[in-house]
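With mmCIF, C-alpha atoms inside, this is my_file-v7.cif:
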data_entry
#
loop_
_atom_site.label_atom_id
_atom_site.label_comp_id
_atom_site.auth_asym_id
_atom_site.auth_seq_id
_atom_site.Cartn_x
_atom_site.Cartn_y
_atom_site.Cartn_z
CA MET A 1488 -3.19 -1.67 16.43
CA ILE A 1489 -0.99 -4.72 16.97
CA SER A 1490 2.45 -3.55 18.01
CA SER A 1491 4.29 -6.53 16.47
CA MET A 1492 2.95 -5.81 12.99
CA ASN A 1493 4.29 -3.36 10.43
CA LEU A 1494 2.31 -0.65 8.68
CA VAL A 1495 2.93 -0.57 4.93
CA TYR A 1496 1.62 1.67 2.17
CA TYR A 1497 -0.28 -0.57 -0.27
CA ALA A 1498 -0.40 0.99 -3.75
CA HIS A 1499 -2.77 -0.82 -6.09
CA SER A 1500 -5.34 -0.52 -8.85
CA TYR A 1501 -9.02 0.32 -8.28
CA ARG A 1502 -10.23 -1.20 -11.54
CA LYS A 1503 -12.88 -3.91 -11.55
CA ALA A 1504 -10.62 -6.15 -13.65
CA ASP A 1505 -7.92 -6.08 -10.94
CA ILE A 1506 -10.05 -6.84 -7.88
CA ALA A 1507 -8.99 -10.50 -7.68
CA VAL A 1508 -5.30 -9.55 -7.89
CA VAL A 1509 -5.70 -6.80 -5.27
CA GLU A 1510 -7.49 -9.20 -2.92
CA PHE A 1511 -4.88 -11.93 -3.42
CA PHE A 1512 -1.94 -9.73 -2.52
CA GLY A 1513 -3.90 -8.06 0.26
CA GLU A 1514 -4.49 -11.44 1.88
CA LEU A 1515 -0.86 -12.43 1.37
CA ILE A 1516 0.31 -9.18 2.96
CA ARG A 1517 -1.84 -9.83 6.02
CA SER A 1518 -0.64 -13.44 6.31
CA GLU A 1519 2.92 -12.13 6.68
CA ASN A 1520 1.95 -9.87 9.61
CA LEU A 1521 2.00 -6.67 7.58
CA ILE A 1522 -0.79 -4.11 8.01
CA ALA A 1523 -2.00 -2.78 4.68
CA SER A 1524 -2.72 0.93 4.74
CA LEU A 1525 -4.80 2.15 1.81
CA ASP A 1526 -6.50 5.24 0.49
CA PRO A 1527 -10.01 4.39 -0.71
CA PRO A 1528 -10.93 5.74 -4.17
CA SER A 1529 -11.10 9.50 -4.13
CA ASP A 1530 -11.11 12.39 -6.57
CA ARG A 1531 -9.46 14.56 -3.90
CA LEU A 1532 -5.72 14.16 -4.35
CA ASN A 1533 -2.53 16.14 -4.10
CA SER A 1534 1.10 15.21 -3.69
CA ALA A 1535 1.27 16.22 -0.02
CA LYS A 1536 -1.33 13.62 0.94
CA PRO A 1537 0.66 10.47 -0.02
CA GLU A 1538 3.87 12.19 1.13
CA ARG A 1539 2.39 12.71 4.59
CA HIS A 1540 1.11 9.17 4.76
CA LEU A 1541 4.26 7.52 3.46
CA ARG A 1542 6.32 9.23 6.17
CA SER A 1543 4.34 7.33 8.83
CA THR A 1544 4.65 3.88 7.25
CA ASP A 1545 7.48 1.36 7.37
CA GLY A 1546 7.64 0.87 3.60
CA MET A 1547 5.60 0.42 0.44
CA LEU A 1548 4.14 -2.57 -1.37
CA ALA A 1549 2.92 -1.87 -4.91
CA VAL A 1550 1.07 -3.98 -7.45
CA LEU A 1551 1.42 -2.89 -11.09
CA THR A 1552 -1.10 -4.38 -13.50
CA GLU A 1553 -1.41 -4.03 -17.24
CA ARG A 1554 -4.12 -1.80 -18.69
CA ASP A 1555 -4.88 -0.09 -21.97
CA GLY A 1556 -2.26 2.57 -22.48
CA GLY A 1557 0.31 0.98 -20.19
CA VAL A 1558 0.23 1.13 -16.40
CA SER A 1559 -1.26 3.42 -13.79
CA GLN A 1560 0.64 6.72 -13.67
CA TYR A 1561 -0.72 7.20 -10.17
CA ILE A 1562 0.98 4.06 -8.88
CA LEU A 1563 4.20 4.92 -10.72
CA TYR A 1564 4.15 8.32 -9.02
CA GLU A 1565 3.61 6.73 -5.60
CA ILE A 1566 6.57 4.45 -6.30
CA SER A 1567 8.69 7.51 -7.15
CA LEU A 1568 7.66 9.05 -3.82
CA CYS A 1569 8.84 5.93 -2.00
CA LEU A 1570 12.20 6.09 -3.80
CA ARG A 1571 12.55 9.76 -2.81
CA ALA A 1572 11.64 8.93 0.80
CA LYS A 1573 14.22 6.12 0.78
CA LYS A 1574 11.69 3.70 2.23
CA PRO A 1575 11.83 -0.08 1.72
CA LEU A 1576 9.91 -0.98 -1.45
CA LEU A 1577 8.59 -4.19 -3.02
CA VAL A 1578 6.82 -4.10 -6.38
CA PHE A 1579 4.78 -6.93 -7.89
CA LEU A 1580 4.56 -6.48 -11.68
CA GLU A 1581 2.28 -8.33 -14.07
CA ASP A 1582 4.34 -10.59 -16.32
CA THR A 1583 2.98 -9.00 -19.51
CA LEU A 1584 4.41 -5.55 -18.72
CA PRO A 1585 7.60 -4.35 -20.48
CA ASN A 1586 11.02 -4.42 -18.88
CA GLY A 1587 12.56 -1.36 -17.26
CA LEU A 1588 9.44 0.10 -15.63
CA ILE A 1589 11.05 -0.06 -12.19
CA PRO A 1590 14.76 0.53 -11.42
CA SER A 1591 16.59 -2.79 -11.29
CA ARG A 1592 17.87 -2.20 -7.77
CA VAL A 1593 14.30 -2.21 -6.40
CA LEU A 1594 13.05 -5.51 -4.96
CA GLN A 1595 10.45 -6.76 -7.46
CA ARG A 1596 8.64 -9.91 -8.58
CA ARG A 1597 6.62 -10.78 -11.65
CA PHE A 1598 3.18 -12.35 -11.28
CA SER A 1599 0.74 -14.04 -13.62
CA ARG A 1600 -3.01 -13.57 -13.22
CA LYS A 1601 -3.53 -17.21 -14.20
CA ALA A 1602 -0.91 -18.61 -11.82
CA LEU A 1603 -1.18 -16.61 -8.60
CA LEU A 1604 -1.51 -19.70 -6.41
CA ARG A 1605 1.21 -21.60 -8.25
CA GLN A 1606 3.57 -18.66 -7.70
CA ILE A 1607 2.60 -18.06 -4.08
CA ARG A 1608 5.89 -19.37 -2.68
CA ASP A 1609 7.86 -16.89 -4.77
CA HIS A 1610 5.60 -14.01 -3.72
CA ARG A 1611 5.72 -15.03 -0.06
CA HIS A 1612 9.51 -15.26 -0.21
CA ALA A 1613 9.70 -11.72 -1.58
CA LEU A 1614 7.38 -10.46 1.17
CA ARG A 1615 9.48 -12.14 3.83
CA ALA A 1616 12.65 -10.58 2.43
CA PHE A 1617 10.92 -7.19 2.49
CA HIS A 1618 9.64 -7.78 6.03
CA SER A 1619 12.99 -9.00 7.33
CA TYR A 1620 14.62 -5.79 6.13
CA ILE A 1621 12.04 -3.68 7.98
CA GLY A 1622 12.29 -5.84 11.09
CA ASP A 1623 9.52 -6.90 13.43
CA LYS A 1624 9.62 -3.74 15.52
CA PRO A 1625 11.08 -0.81 13.57
CA PRO A 1626 11.74 2.19 15.81
CA GLY A 1627 9.58 5.28 15.78
CA ALA A 1628 10.90 8.74 15.01
CA TYR A 1629 13.94 9.61 17.09
CA GLN A 1630 13.06 12.51 19.40
CA PRO A 1631 9.88 13.65 17.61
CA SER A 1632 9.03 17.30 18.03
CA VAL A 1633 7.00 18.30 21.09
CA ASP A 1634 6.10 21.66 19.55
CA ARG A 1635 2.86 22.65 17.88
CA ARG A 1636 2.58 21.27 14.36
CA LYS A 1637 4.45 23.42 11.87
CA CYS A 1638 3.88 24.60 8.29
CA LEU A 1639 6.73 26.06 6.26
CA LEU A 1640 6.19 28.66 3.51
CA SER A 1641 8.47 28.69 0.48
CA GLY A 1642 8.62 31.03 -2.53
CA SER A 1643 6.23 33.50 -0.92
CA ASN A 1644 8.56 36.48 -1.39
CA GLU A 1645 6.58 37.70 -4.39
CA LEU A 1646 3.38 37.88 -2.34
CA LEU A 1647 2.27 41.18 -0.91
CA PRO A 1648 3.52 41.43 2.70
CA SER A 1649 -0.06 41.80 3.92
CA LEU A 1650 -1.03 38.63 2.03
CA ALA A 1651 1.80 36.61 3.57
CA GLU A 1652 0.85 37.92 7.02
CA GLN A 1653 -2.80 36.93 6.55
CA LEU A 1654 -1.69 33.51 5.37
CA GLN A 1655 0.29 32.94 8.55
CA THR A 1656 -2.61 34.18 10.69
CA HIS A 1657 -5.06 31.75 9.09
CA LEU A 1658 -2.60 28.88 9.31
CA ALA A 1659 -2.44 29.56 13.04
CA GLU A 1660 -6.23 29.36 13.19
CA ARG A 1661 -6.00 25.91 11.59
CA GLY A 1662 -3.59 24.82 14.30
CA TYR A 1663 -0.26 25.38 12.55
CA SER A 1664 2.63 27.53 13.59
CA SER A 1665 4.27 28.82 10.42
CA GLU A 1666 7.68 29.94 9.26
CA ILE A 1667 8.70 31.64 6.02
CA LEU A 1668 11.82 30.13 4.46
CA CYS A 1669 14.03 33.01 3.42
CA GLY A 1670 17.52 34.44 3.82
CA ASP A 1671 21.01 33.77 2.59
CA ILE A 1672 21.48 30.34 0.97
CA TRP A 1673 24.90 29.66 2.47
CA SER A 1674 23.76 30.56 5.96
CA SER A 1675 20.95 28.03 5.67
CA PHE A 1676 23.19 25.49 3.96
CA TYR A 1677 25.39 25.08 7.03
CA SER A 1678 22.78 25.81 9.71
CA HIS A 1679 21.77 23.02 12.06
CA ILE A 1680 18.75 25.14 13.02
CA PHE A 1681 17.56 25.09 9.41
CA GLN A 1682 18.05 21.34 9.23
CA ASP A 1683 16.02 20.91 12.40
CA THR A 1684 13.31 23.16 10.95
CA LEU A 1685 13.00 20.86 7.95
CA GLY A 1686 13.13 17.72 10.05
CA SER A 1687 10.37 18.82 12.41
CA ALA A 1688 7.98 20.30 9.81
CA ASP A 1689 4.60 18.65 9.33
CA LEU A 1690 3.63 20.47 6.15
CA ALA A 1691 4.84 23.05 3.63
CA VAL A 1692 3.16 25.39 1.17
CA ALA A 1693 5.42 26.24 -1.77
CA PHE A 1694 4.89 28.71 -4.59
CA VAL A 1695 6.86 27.23 -7.46
CA ASP A 1696 7.01 30.29 -9.74
CA SER A 1697 9.84 32.12 -8.05
CA TYR A 1698 13.11 31.65 -9.91
CA LYS A 1699 15.19 33.33 -7.28
CA ASP A 1700 18.08 31.13 -6.23
CA SER A 1701 16.90 31.08 -2.63
CA ALA A 1702 13.36 30.00 -3.54
CA GLU A 1703 14.64 27.13 -5.67
CA PHE A 1704 17.06 26.13 -2.90
CA TYR A 1705 14.27 25.97 -0.32
CA LEU A 1706 11.93 24.07 -2.64
CA GLY A 1707 14.70 21.57 -3.29
CA SER A 1708 15.36 21.28 0.45
CA LEU A 1709 11.69 20.52 1.11
CA ARG A 1710 11.66 17.77 -1.50
CA ALA A 1711 14.95 16.28 -0.33
CA SER A 1712 13.71 16.24 3.27
CA PHE A 1713 10.40 14.70 2.16
CA VAL A 1714 8.27 17.35 3.84
CA PRO A 1715 4.64 16.96 2.65
CA THR A 1716 4.34 19.95 0.33
CA ILE A 1717 1.34 21.67 -1.21
CA LEU A 1718 2.50 23.06 -4.55
CA LEU A 1719 0.96 26.29 -5.87
CA THR A 1720 1.50 28.38 -9.00
CA TYR A 1721 0.13 31.79 -9.88
CA ASP A 1722 1.14 31.35 -13.55
CA SER A 1723 -2.00 30.68 -15.61
CA GLN A 1724 0.26 29.33 -18.39
CA PHE A 1725 2.15 26.98 -16.07
CA LEU A 1726 3.77 24.12 -17.99
CA PHE A 1727 2.49 20.88 -16.48
CA ASN A 1728 4.31 17.56 -16.83
CA GLU A 1729 2.21 15.41 -19.15
CA ARG A 1730 3.54 12.16 -17.66
CA ILE A 1731 2.46 12.96 -14.09
CA PRO A 1732 -1.21 12.97 -13.02
CA ARG A 1733 -2.39 16.57 -12.82
CA GLU A 1734 -3.68 16.05 -9.26
CA TYR A 1735 -0.10 15.56 -8.06
CA GLN A 1736 1.12 18.80 -9.62
CA ALA A 1737 0.83 22.46 -8.64
CA ARG A 1738 -2.56 24.10 -8.21
CA VAL A 1739 -3.12 27.34 -10.13
CA VAL A 1740 -4.08 30.10 -7.68
CA ASP A 1741 -5.09 33.74 -7.75
CA ILE A 1742 -2.83 35.84 -5.51
CA SER A 1743 -4.54 39.17 -6.16
CA THR A 1744 -6.33 38.99 -2.80
CA PHE A 1745 -6.23 36.78 0.24
CA GLU A 1746 -9.93 35.93 -0.26
CA ALA A 1747 -9.04 34.53 -3.68
CA LEU A 1748 -6.00 32.58 -2.45
CA TRP A 1749 -7.05 31.08 0.88
CA PRO A 1750 -9.94 28.78 -0.25
CA THR A 1751 -7.55 26.78 -2.44
CA ILE A 1752 -4.97 26.48 0.33
CA THR A 1753 -7.50 25.41 2.94
CA ASP A 1754 -8.94 22.82 0.58
CA GLU A 1755 -5.47 21.44 -0.15
CA ILE A 1756 -4.73 21.23 3.57
CA ALA A 1757 -7.99 19.32 4.10
CA ILE A 1758 -7.00 16.84 1.40
CA THR A 1759 -3.55 16.41 2.94
CA GLU A 1760 -5.00 15.78 6.40
CA GLU A 1761 -7.39 13.05 5.23
CA GLU A 1762 -6.56 9.80 6.95
CA TYR A 1763 -5.91 6.54 5.18
CA VAL A 1764 -7.42 3.22 6.26
CA ASP A 1765 -5.26 0.65 8.03
CA LEU A 1766 -6.49 -2.91 7.53
CA GLU A 1767 -5.55 -5.17 10.42
CA ASN A 1768 -7.24 -8.46 9.54
CA GLN A 1769 -8.28 -10.84 6.81
CA ASP A 1770 -11.96 -9.90 6.94
CA GLN A 1771 -11.19 -6.25 6.35
CA VAL A 1772 -8.99 -7.00 3.35
CA THR A 1773 -11.79 -9.08 1.84
CA ARG A 1774 -14.39 -6.45 2.68
CA TYR A 1775 -12.22 -3.75 1.12
CA ALA A 1776 -11.98 -5.75 -2.11
CA GLU A 1777 -15.77 -6.28 -2.11
CA LEU A 1778 -16.39 -2.56 -1.70
CA LEU A 1779 -13.96 -1.74 -4.49
CA PHE A 1780 -15.80 -4.19 -6.73
CA GLN A 1781 -19.10 -2.51 -5.97
CA VAL A 1782 -17.97 1.05 -6.65
CA SER A 1783 -15.83 0.13 -9.66
CA ARG A 1784 -18.94 -0.61 -11.71
CA SER A 1785 -19.51 3.10 -12.24
CA GLY A 1786 -15.86 3.93 -12.80
CA GLN A 1787 -16.37 7.18 -10.90
CA TYR A 1788 -15.04 7.74 -7.40
CA THR A 1789 -16.64 10.60 -5.52
CA GLU A 1790 -15.99 11.90 -2.03
CA GLY A 1791 -19.30 10.34 -0.97
CA LEU A 1792 -18.21 6.91 -2.14
CA ARG A 1793 -14.88 7.33 -0.39
CA ASN A 1794 -16.61 8.26 2.86
CA LEU A 1795 -18.89 5.24 2.51
CA ILE A 1796 -15.90 2.91 2.15
CA VAL A 1797 -14.13 4.50 5.11
CA GLU A 1798 -17.27 4.15 7.22
CA GLU A 1799 -17.75 0.52 6.24
CA LEU A 1800 -14.13 -0.36 6.97
CA HIS A 1801 -14.16 1.69 10.18
CA MET A 1802 -17.08 -0.42 11.37
CA GLY A 1803 -15.08 -3.51 10.53
CA ASP A 1804 -12.06 -2.14 12.39
CA LYS A 1805 -14.16 -1.69 15.52
CA ASN A 1806 -15.49 -5.17 14.94
CA ILE A 1807 -12.01 -6.60 15.23
CA ASN A 1808 -11.32 -4.64 18.39
CA TYR A 1809 -14.57 -5.83 19.96
CA GLY A 1810 -16.17 -2.41 19.88
CA GLN A 1811 -19.38 -1.27 18.18
CA ALA A 1812 -19.63 -2.94 14.79
CA GLY A 1813 -22.12 -4.07 12.20
CA SER A 1814 -22.24 -7.80 11.56
CA MET A 1815 -21.12 -8.88 8.11
CA GLY A 1816 -21.72 -12.03 6.11
CA ARG A 1817 -24.48 -13.84 4.30
CA GLU A 1818 -27.85 -12.37 5.34
CA SER A 1819 -26.39 -10.81 8.47
CA THR A 1820 -28.70 -8.68 10.56
CA GLY A 1821 -26.56 -5.55 10.60
CA THR A 1822 -27.41 -5.04 14.27
CA LEU A 1823 -24.80 -3.17 16.28
CA VAL A 1824 -23.25 -5.25 19.01
CA ASN A 1825 -20.42 -4.85 21.49
CA TYR A 1826 -18.72 -8.23 21.56
CA GLY A 1827 -16.97 -7.71 24.87
CA ALA A 1828 -20.19 -6.69 26.61
CA ALA A 1829 -22.17 -9.41 24.84
CA TRP A 1830 -19.75 -12.07 26.05
CA GLU A 1831 -20.07 -10.81 29.61
CA GLN A 1832 -23.76 -11.69 29.36
CA LEU A 1833 -23.05 -15.14 27.92
CA LYS A 1834 -20.00 -16.46 29.72
CA ALA A 1835 -21.70 -17.37 33.00
CA THR A 1836 -24.03 -19.81 31.21
CA THR A 1837 -21.73 -20.93 28.39
CA ASP A 1838 -19.39 -23.87 28.83
CA MET A 1839 -16.44 -23.23 26.54
CA ASN A 1840 -15.65 -26.94 26.07
CA SER A 1841 -19.23 -27.63 25.00
CA LEU A 1842 -19.17 -24.65 22.67
CA THR A 1843 -15.90 -25.86 21.11
CA ASN A 1844 -17.31 -29.35 20.51
CA GLU A 1845 -20.53 -27.98 19.00
CA LEU A 1846 -18.62 -25.66 16.69
CA THR A 1847 -16.68 -28.68 15.44
CA LEU A 1848 -19.96 -30.44 14.64
CA LEU A 1849 -21.40 -27.33 13.03
CA ARG A 1850 -18.32 -26.83 10.87
CA ALA A 1851 -18.60 -30.38 9.54
CA ALA A 1852 -22.31 -29.91 8.77
CA LEU A 1853 -21.76 -26.60 7.01
CA ARG A 1854 -18.90 -27.99 4.97
CA LYS A 1855 -21.13 -30.74 3.56
CA ARG A 1856 -23.85 -28.27 2.54
CA ALA A 1857 -21.86 -25.25 1.37
CA GLN A 1858 -22.40 -24.51 -2.32
CA THR A 1859 -21.67 -20.81 -2.73
CA ILE A 1860 -18.66 -18.64 -1.95
CA GLU A 1861 -20.55 -16.95 0.88
CA GLU A 1862 -21.40 -20.32 2.40
CA ASP A 1863 -17.75 -21.37 2.12
CA LYS A 1864 -16.86 -18.21 4.04
CA ALA A 1865 -19.31 -19.22 6.75
CA VAL A 1866 -17.48 -22.54 7.11
CA VAL A 1867 -14.19 -20.67 7.54
CA ALA A 1868 -15.80 -18.32 10.06
CA VAL A 1869 -16.98 -21.23 12.21
CA ALA A 1870 -13.50 -22.78 12.01
CA ASP A 1871 -11.97 -19.49 13.15
CA ALA A 1872 -14.51 -19.29 15.99
CA GLU A 1873 -13.57 -22.83 16.98
CA VAL A 1874 -9.92 -21.76 17.30
CA GLU A 1875 -10.94 -18.78 19.44
CA ALA A 1876 -13.06 -21.03 21.64
CA GLN A 1877 -10.14 -23.41 22.15
CA ALA A 1878 -8.08 -20.41 23.25
CA GLY A 1879 -10.81 -19.30 25.67
CA ASN A 1880 -11.40 -16.02 23.83
CA GLY A 1881 -15.13 -15.41 24.18
CA PRO A 1882 -15.29 -11.99 22.45
CA GLY A 1883 -13.21 -13.46 19.64
CA VAL A 1884 -15.73 -16.29 19.20
CA LEU A 1885 -18.57 -13.78 18.89
CA GLN A 1886 -16.64 -11.64 16.43
CA LYS A 1887 -15.91 -14.61 14.16
CA LEU A 1888 -19.47 -15.97 14.33
CA ALA A 1889 -20.90 -12.58 13.36
CA THR A 1890 -19.90 -13.35 9.76
CA VAL A 1891 -21.73 -16.72 9.69
CA GLY A 1892 -25.10 -15.12 8.96
CA LYS A 1893 -28.59 -16.58 9.12
CA TRP A 1894 -27.69 -19.56 6.94
CA GLY A 1895 -25.18 -20.82 9.47
CA LEU A 1896 -27.62 -20.12 12.29
CA SER A 1897 -30.39 -22.12 10.59
CA ILE A 1898 -28.08 -25.14 10.17
CA ALA A 1899 -26.99 -24.89 13.81
CA LYS A 1900 -30.63 -25.03 14.92
CA GLU A 1901 -31.39 -27.84 12.52
CA ILE A 1902 -28.65 -30.16 13.80
CA GLY A 1903 -29.37 -29.30 17.42
CA VAL A 1904 -26.13 -27.62 18.55
CA LYS A 1905 -27.94 -25.43 21.03
CA VAL A 1906 -24.96 -23.67 22.64
CA ALA A 1907 -23.47 -22.80 19.25
CA ALA A 1908 -26.83 -21.55 17.96
CA GLU A 1909 -27.33 -19.30 20.98
CA THR A 1910 -23.82 -17.93 20.59
CA ILE A 1911 -24.37 -17.17 16.90
CA GLN A 1912 -27.64 -15.42 17.73
CA LYS A 1913 -25.86 -13.30 20.29
CA SER A 1914 -23.10 -12.41 17.81
CA LEU A 1915 -25.74 -11.26 15.32
CA GLY A 1916 -27.45 -9.09 17.92
CA MET A 1917 -30.61 -11.20 17.78
#

Since I need it in another form, could you write the structure as structure tokens?
Amino acid sequence: MISSMNLVYYAHSYRKADIAVVEFFGELIRSENLIASLDPPSDRLNSAKPERHLRSTDGMLAVLTERDGGVSQYILYEISLCLRAKKPLLVFLEDTLPNGLIPSRVLQRRFSRKALLRQIRDHRHALRAFHSYIGDKPPGAYQPSVDRRKCLLSGSNELLPSLAEQLQTHLAERGYSSEILCGDIWSSFYSHIFQDTLGSADLAVAFVDSYKDSAEFYLGSLRASFVPTILLTYDSQFLFNERIPREYQARVVDISTFEALWPTITDEIAITEEEYVDLENQDQVTRYAELLFQVSRSGQYTEGLRNLIVEELHMGDKNINYGQAGSMGRESTGTLVNYGAAWEQLKATTDMNSLTNELTLLRAALRKRAQTIEEDKAVVAVADAEVEAQAGNGPGVLQKLATVGKWGLSIAKEIGVKVAAETIQKSLGM
């Protein structure tokens, strides 16, 4: 990951109708040296998952689009999390949405689907204001804990002592030390040890049914400290908030036995620990949008589809870092290739000046013949490879040319740019 770039939580729609908007802002985010971090579509959600992720980012960028019935309650909830975390926030709202959706003090800009390019200066200005507040190199956590990761337990007083003990034992088996929040409120209120406990916690499991003053105090402390918290209720008649997606609310559990309780907790922990995807380059943002377009046709997002997207983007991530990656682009071969190793085989027989000149010729030829969007992308890829060649970055040349595909290769052979053609072949693993 590039140290001079900032990691931001990118909250956006997954609907087919919004793909162009998502891609536009994704590209704009990247152009301002901000790394978009996203959660691919998933039906496995809880509140602790975005809480955990948001703690590790420098801020949030959100795009709110209009849809039947208003706006996405999921994105509104993520925005509320950012406000609670006191993280920098920038929201882009479609110009057809009503006023007052977002607090006026939050940095926000309106956008029009039909005028995205015309408004680009306004959007870029907002992004730069957001970025300047974060700074180029925001500091990491001050004195992060060196202890084993920790899970706090709140509201567990009503559990059988044996149940609470088993819970702590199994948390230890999952790699967490655990601590039950209990005791006198006023002792905790003024205790620096308690404050440090909250500040160094990685996770919490809270039973929300206890109405004891201490349980409510500890639950409030967890929320105020923005500790990722798995919410549980053993009330089968629990009153859910109709305005908040059910996935972000408490899970109903059976506390009669540990065997009945633990499967839900372990599943919630697994959801919380799922990693997001950090997109570090333009190609990945575009690829992400393409994948969203493909899966949005069904309107159903399963764990399998999520894993497929993560795998595809993970391949692209390795591609950018010159590791093992599948080539992308029009009619690409899909062959795995290590760009660093491949360049080692080429550089002794490849004159970089000749390659640069031939890429210039190839770019001009492709530009004259390009008729489709994919062919236009091939032109851009060759231009990017030309820049890498001028900089003497051999692996970078191969990585860029891997997206040219067989169409670009055929034109290179046709016009007789031999060095460029051989380099493209190598980038495609041919």

**OP:** Measuring atom to atom with only C-alpha atoms, identify which of A:Val1874, A:Leu1541, A:Leu1650, A:Ile1516 is nearest to His1610 (chain A).
**Re:** A:Ile1516

**OP:** Can you give me, as a ChimeraX atom specification, the residues this file yields under the PyMOL selection byres ((chain A and resi 1509) around 12)?
**Re:** /A:1497-1508,1510-1516,1523,1525,1548-1552,1579,1581,1600,1603,1772-1777,1779-1780

Residues within 10 Å of Ala1711 (chain A), all atoms listed in the file, excluding chain neighbours under 3 positions, as a JSON list (two decimals) with C-alpha atoms, in the coordinates of the input:
[["chain", "number", "residue", "atom", "x", "y", "z"],
["A", 1571, "ARG", "CA", 12.55, 9.76, -2.81],
["A", 1572, "ALA", "CA", 11.64, 8.93, 0.80],
["A", 1685, "LEU", "CA", 13.00, 20.86, 7.95],
["A", 1705, "TYR", "CA", 14.27, 25.97, -0.32],
["A", 1706, "LEU", "CA", 11.93, 24.07, -2.64],
["A", 1707, "GLY", "CA", 14.70, 21.57, -3.29],
["A", 1708, "SER", "CA", 15.36, 21.28, 0.45],
["A", 1714, "VAL", "CA", 8.27, 17.35, 3.84]]

Subject >> Residue IDs satisfying the PyMOL selection byres ((chain A and resi 1695) around 12), as a count of residues only >> reply: 37

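Proximity to Ser1543 (chain A) was assessed for A:Ala1907, A:Val1578, A:Leu1494, A:Ala1852 counting all atoms listed in the file; the smallest distance is recorded for A:Leu1494.
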
Original post:
Could you name the residues that touch Glu1553 (chain A) at 10 Å or less, counting all atoms listed in the file, but leaving out those on the same chain fewer than 2 positions away, as number ranges by chain?
Top reply: A: 1500, 1505, 1551, 1555-1559, 1580-1585

Subject >> Atom pair CA of Lys1913 (chain A) / CA of Ala1857 (chain A): separation (Å) >> reply: 22.7 Å

Run through the PyMOL selection byres ((chain A and resi 1532) around 7) on the given coordinates and return the selected residues as a PDB file with C-alpha atoms, in the frame of the given file.
ATOM      1  CA  ASP A1530     -11.110  12.390  -6.570  1.00  0.00           C
ATOM      2  CA  ARG A1531      -9.460  14.560  -3.900  1.00  0.00           C
ATOM      3  CA  ASN A1533      -2.530  16.140  -4.100  1.00  0.00           C
ATOM      4  CA  SER A1534       1.100  15.210  -3.690  1.00  0.00           C
ATOM      5  CA  LYS A1536      -1.330  13.620   0.940  1.00  0.00           C
ATOM      6  CA  GLU A1734      -3.680  16.050  -9.260  1.00  0.00           C
ATOM      7  CA  TYR A1735      -0.100  15.560  -8.060  1.00  0.00           C
ATOM      8  CA  ILE A1758      -7.000  16.840   1.400  1.00  0.00           C
TER       9      ILE A1758
END

Subject >> Spatial neighbours of Glu1519 (chain A), max dist 10 Å, only C-alpha atoms, sep filter under 5 positions, as a PyMOL selection string >> reply: chain A and resi 1492-1493+1514+1611+1614-1615+1618

Original post:
For Phe1745 (chain A), which residue out of A:Val1593, A:Leu1521, A:Ala1651, A:Ala1828 is the nearest one, using only C-alpha atoms?
Top reply: A:Ala1651
